[in-house]
Amino acid sequence: MALTEAEVLAGLAELVNDETGISADAVQMDKSFTDDLDIDSISMMTIVVNAEDKFGVKIPDEEVKNLITVADAVNFISSNQG
Amino acid sequence: MKQLLQSEPVSFSKIYALGAARGDMVVTNDDVAGPIDSSDEWIRQRTGIATRRRATQDQSLMDMSVSASNEAINKAGIDPAEIDAVILATISFPYQTPSGASLLSELVGAKGAASYDISAACAGYCYGIAQADSLVRSGTAKYVLVVGAEKLSDFIEPTDRSISFLLGDGAGAAIVGPSDHPGISKTIWGADGANWDKVGMTDSLLDFRDGKAAWPTLVQEGQSVFRWAVWEMAKVAKEALEASGLQAEDLSALVTHQANERIIDELAKQLKLPENVVVARDVVDTGNTSAASIPLAMHRILNEGLVKPGGYALEIGFGAGLAYAAQVVELP
């Protein structure tokens, strides 16, 4: 069964925390990965690959640059879950 | 009808010795940070690089190649006249032809040796080891000199934020020859031509000649390359280890292409190596020297006594092409 948006957000926040140490509470829908959370491109790709595993979705390289905010990522994952 | 003669094969090959030469200049992060509007802290955090070694204007790719080769030849204790083939892996020798290897063979006393360059970028040295292993075991060559050498500083753009600030200059050399026991495992190699444009030059030489482009320099799509270099290369490294018949705990060292410390860290993490396996990190003060980086890094961990001759190292090169090659070798 597909995860709810809140469950995807919680799972993503956990991945962000694992990679960067940023508190999961800080990972909110309106936050920008680079401007607000200060996540660099290499960490972002690590989070993307781990998100693919965790949520069973494929996030192509060309899609990664469109994931500006946490909401972008949550929406992409939610709408592409198997 | 007479039967054709083929070369007499030998059972095994190994690396006899390594040699290393780095650019004479130490270039700090502060030296390169200005044009990319960056800082020492930013570069260290994203790449792990503190300094990179670059050649002076008077120090050529060939100078470094000769120096590294002579060290390897001397340490191997062989007569350079017995070298039957010289393979130079490089993307920065400044002549389309003749090959750099041909001049190198003359300069190191390997007169008349079969000599050729290979263009497999950061995988070039491991491609060269694969070829040398085959040449030796087939009986086509007794000793092979394999050199990875780059003067990448001739092909950088100071304002490029994708790769230029990572790059360094150097040469690493290996002598491969016959052995009474296995010293080089089966190479797992290939190239992903669908991603031909992910790392390479900004423009072709023809565009430069015709005034349509500036002097071509190196550039990459860093994020895509990072994903490929870690998660795809982890699969290749595991395949190479499996083909060698060894387990991770049998390794003394992991010597990856020294692209960026973040890639090395993540790749090592994916391989779940035991803590006693030394992970080479020459990139921290040499920078990314493409084809030279693996022999330089291996030479260093041997020189510093972090690993002992006779141990096994998993080496994996990956880069433009996207070309890759991995094998396990006995440390010389």
# chains A, B, ... in the order shown; residues from 1 in each chain; ligands from 1
call {"tool": "residues_around", "arguments": {"residues": "stretch 248-254 of chain B", "least_positions_apart": "5", "cutoff": "10 Å", "atoms": "only C-alpha atoms", "output": "VMD selection string"}}
result
chain B and resid 237 to 238 241 to 242 264 267 to 268 271 to 281 297 to 298 301 306 to 316 328 to 331
call {"tool": "residues_around", "arguments": {"residues": "B:Ser65", "least_positions_apart": "5", "cutoff": "7 Å", "atoms": "only C-alpha atoms", "output": "number ranges by chain"}}
result
B: 147, 149, 171
call {"tool": "write_last_selection", "arguments": {"atoms": "C-alpha atoms", "output": "mmCIF file, in the first residue's frame"}}
result
data_model
loop_
_atom_site.group_PDB
_atom_site.id
_atom_site.type_symbol
_atom_site.label_atom_id
_atom_site.label_comp_id
_atom_site.auth_asym_id
_atom_site.auth_seq_id
_atom_site.Cartn_x
_atom_site.Cartn_y
_atom_site.Cartn_z
ATOM 1 C CA VAL B 147 52.337 4.221 -16.939
ATOM 2 C CA ALA B 149 50.459 10.056 -16.529
ATOM 3 C CA ALA B 171 52.700 9.967 -13.193
#
call {"tool": "interface_residues", "arguments": {"of": "chain B", "to": "chain A", "cutoff": "10 Å", "atoms": "only C-alpha atoms", "output": "mmCIF file with N, CA and C atoms, in the first residue's frame"}}
result
data_model
loop_
_atom_site.group_PDB
_atom_site.id
_atom_site.type_symbol
_atom_site.label_atom_id
_atom_site.label_comp_id
_atom_site.auth_asym_id
_atom_site.auth_seq_id
_atom_site.Cartn_x
_atom_site.Cartn_y
_atom_site.Cartn_z
ATOM 1 N N GLN B 45 35.283 20.524 2.438
ATOM 2 C CA GLN B 45 34.033 19.871 2.827
ATOM 3 C C GLN B 45 33.462 19.032 1.675
ATOM 4 N N ARG B 46 33.517 19.559 0.462
ATOM 5 C CA ARG B 46 32.883 18.871 -0.662
ATOM 6 C C ARG B 46 33.769 17.858 -1.361
ATOM 7 N N THR B 47 35.083 17.977 -1.184
ATOM 8 C CA THR B 47 35.980 17.100 -1.944
ATOM 9 C C THR B 47 37.024 16.399 -1.092
ATOM 10 N N GLY B 222 28.828 16.629 -12.340
ATOM 11 C CA GLY B 222 29.287 16.040 -11.084
ATOM 12 C C GLY B 222 28.298 15.129 -10.381
ATOM 13 N N GLN B 223 27.043 15.568 -10.312
ATOM 14 C CA GLN B 223 26.067 14.783 -9.560
ATOM 15 C C GLN B 223 25.819 13.417 -10.202
ATOM 16 N N SER B 224 25.664 13.407 -11.518
ATOM 17 C CA SER B 224 25.435 12.135 -12.226
ATOM 18 C C SER B 224 26.657 11.233 -12.111
ATOM 19 N N VAL B 225 27.824 11.850 -12.243
ATOM 20 C CA VAL B 225 29.056 11.064 -12.166
ATOM 21 C C VAL B 225 29.218 10.475 -10.766
ATOM 22 N N PHE B 226 28.862 11.249 -9.759
ATOM 23 C CA PHE B 226 28.958 10.762 -8.379
ATOM 24 C C PHE B 226 28.089 9.520 -8.195
ATOM 25 N N ARG B 227 26.856 9.585 -8.687
ATOM 26 C CA ARG B 227 25.961 8.428 -8.530
ATOM 27 C C ARG B 227 26.565 7.188 -9.206
ATOM 28 N N VAL B 230 29.839 5.841 -7.442
ATOM 29 C CA VAL B 230 29.661 5.128 -6.174
ATOM 30 C C VAL B 230 28.835 3.857 -6.364
ATOM 31 N N TRP B 231 27.600 3.994 -6.824
ATOM 32 C CA TRP B 231 26.713 2.836 -6.769
ATOM 33 C C TRP B 231 26.931 1.856 -7.916
ATOM 34 N N ARG B 262 34.943 12.252 -1.110
ATOM 35 C CA ARG B 262 33.553 11.887 -0.818
ATOM 36 C C ARG B 262 33.163 10.617 -1.586
ATOM 37 N N ILE B 263 33.647 10.518 -2.829
ATOM 38 C CA ILE B 263 33.376 9.306 -3.622
ATOM 39 C C ILE B 263 34.081 8.110 -2.974
ATOM 40 N N GLU B 266 32.219 7.045 0.214
ATOM 41 C CA GLU B 266 30.918 6.417 -0.028
ATOM 42 C C GLU B 266 31.102 5.043 -0.686
#
call {"tool": "residues_around", "arguments": {"residues": "B:Ala21", "least_positions_apart": "5", "cutoff": "6 Å", "atoms": "only C-alpha atoms", "output": "ChimeraX atom specification"}}
result
/B:64,68,170-171
call {"tool": "select_by_dssp", "arguments": {"residues": "stretch 62-140 of chain B", "states": "strand (DSSP E or B)", "output": "list in words"}}
result
Ile83, Asp84, Ala85, Val86, Ile87, Leu88, Ala89, Ala114, Ser115, Tyr116, Asp117 and Ile118 of chain B
call {"tool": "select_by_dssp", "arguments": {"residues": "stretch 10-61 of chain B", "states": "alpha helix (DSSP H)", "output": "count of residues only"}}
result
14
call {"tool": "atom_distance", "arguments": {"atom1": "atom CA of B:Gly139", "atom2": "atom CA of B:Lys14"}}
result
13.7 Å
call {"tool": "residues_around", "arguments": {"residues": "stretch 103-111 of chain B", "least_positions_apart": "3", "cutoff": "10 Å", "atoms": "only C-alpha atoms", "output": "PyMOL selection string"}}
result
chain B and resi 62-63+65-67+69-70+73+79-88+98-100+114-116+144-145+147
call {"tool": "write_last_selection", "arguments": {"atoms": "C-alpha atoms", "output": "PDB file, in the first residue's frame"}}
result
ATOM      1  CA  MET B  62      56.988  13.087 -20.210  1.00  0.00           C
ATOM      2  CA  ASP B  63      59.373  14.298 -17.470  1.00  0.00           C
ATOM      3  CA  SER B  65      56.572   9.653 -16.796  1.00  0.00           C
ATOM      4  CA  VAL B  66      60.319   9.096 -17.136  1.00  0.00           C
ATOM      5  CA  SER B  67      60.920   9.738 -13.451  1.00  0.00           C
ATOM      6  CA  SER B  69      59.243   4.700 -14.883  1.00  0.00           C
ATOM      7  CA  ASN B  70      62.898   4.804 -13.878  1.00  0.00           C
ATOM      8  CA  ILE B  73      62.449  -0.229 -13.392  1.00  0.00           C
ATOM      9  CA  ASP B  79      67.139  -4.480 -17.436  1.00  0.00           C
ATOM     10  CA  PRO B  80      64.919  -1.969 -19.310  1.00  0.00           C
ATOM     11  CA  ALA B  81      66.046  -3.614 -22.548  1.00  0.00           C
ATOM     12  CA  GLU B  82      63.929  -6.610 -21.482  1.00  0.00           C
ATOM     13  CA  ILE B  83      60.748  -4.516 -21.553  1.00  0.00           C
ATOM     14  CA  ASP B  84      58.801  -5.690 -24.589  1.00  0.00           C
ATOM     15  CA  ALA B  85      55.882  -3.283 -24.365  1.00  0.00           C
ATOM     16  CA  VAL B  86      55.280   0.220 -23.038  1.00  0.00           C
ATOM     17  CA  ILE B  87      51.681   1.300 -22.425  1.00  0.00           C
ATOM     18  CA  LEU B  88      50.994   4.916 -21.541  1.00  0.00           C
ATOM     19  CA  PRO B  98      53.000   9.975 -32.320  1.00  0.00           C
ATOM     20  CA  SER B  99      52.297   8.259 -29.047  1.00  0.00           C
ATOM     21  CA  GLY B 100      53.885   9.391 -25.810  1.00  0.00           C
ATOM     22  CA  ALA B 114      56.013  -2.105 -28.704  1.00  0.00           C
ATOM     23  CA  SER B 115      54.665   1.243 -27.536  1.00  0.00           C
ATOM     24  CA  TYR B 116      51.230   2.772 -27.528  1.00  0.00           C
ATOM     25  CA  VAL B 144      55.515  -4.536 -19.700  1.00  0.00           C
ATOM     26  CA  LEU B 145      55.877  -0.979 -18.457  1.00  0.00           C
ATOM     27  CA  VAL B 147      52.337   4.221 -16.939  1.00  0.00           C
TER      28      VAL B 147
END
call {"tool": "residues_around", "arguments": {"residues": "stretch 160-167 of chain B", "least_positions_apart": "6", "cutoff": "7 Å", "atoms": "only C-alpha atoms", "output": "PyMOL selection string"}}
result
chain B and resi 32+36+52+152+218-222+287-289
call {"tool": "residues_around", "arguments": {"residues": "A:Asn80", "least_positions_apart": "5", "cutoff": "10 Å", "atoms": "only C-alpha atoms", "output": "list in words"}}
result
Ala2, Phe55, Gly56, Val57, Lys58, Ile59, Val74 and Asn75 of chain A
call {"tool": "atom_distance", "arguments": {"atom1": "atom CA of B:Tyr324", "atom2": "atom CA of B:Gln270"}}
result
17.3 Å
call {"tool": "atom_distance", "arguments": {"atom1": "atom CA of B:Glu304", "atom2": "atom CA of B:Arg53"}}
result
18.3 Å
call {"tool": "residues_around", "arguments": {"residues": "B:Ser293", "least_positions_apart": "5", "cutoff": "8 Å", "atoms": "only C-alpha atoms", "output": "ChimeraX atom specification"}}
result
/B:122,148,170-172,257-258,282-283,288
call {"tool": "write_last_selection", "arguments": {"atoms": "C-alpha atoms", "output": "CSV table (one decimal), in the first residue's frame"}}
result
chain,number,residue,atom,x,y,z
B,122,CYS,CA,40.7,7.7,-15.0
B,148,GLY,CA,49.4,6.4,-16.0
B,170,GLY,CA,51.6,13.3,-11.9
B,171,ALA,CA,52.7,10.0,-13.2
B,172,GLY,CA,52.6,6.5,-11.7
B,257,HIS,CA,40.6,6.2,-8.6
B,258,GLN,CA,41.4,9.3,-6.5
B,282,ASP,CA,46.2,10.3,-1.8
B,283,VAL,CA,43.6,12.7,-3.3
B,288,ASN,CA,42.7,14.1,-8.9
call {"tool": "closest_residue", "arguments": {"among": "B:Val26, B:Ile91, B:Ile294, B:Ala320", "to": "B:Ala194", "atoms": "only C-alpha atoms"}}
result
B:Ala320
call {"tool": "closest_residue", "arguments": {"among": "B:Gly200, B:Gly319, B:Gly211, B:Gly48", "to": "B:Thr286", "atoms": "only C-alpha atoms"}}
result
B:Gly48
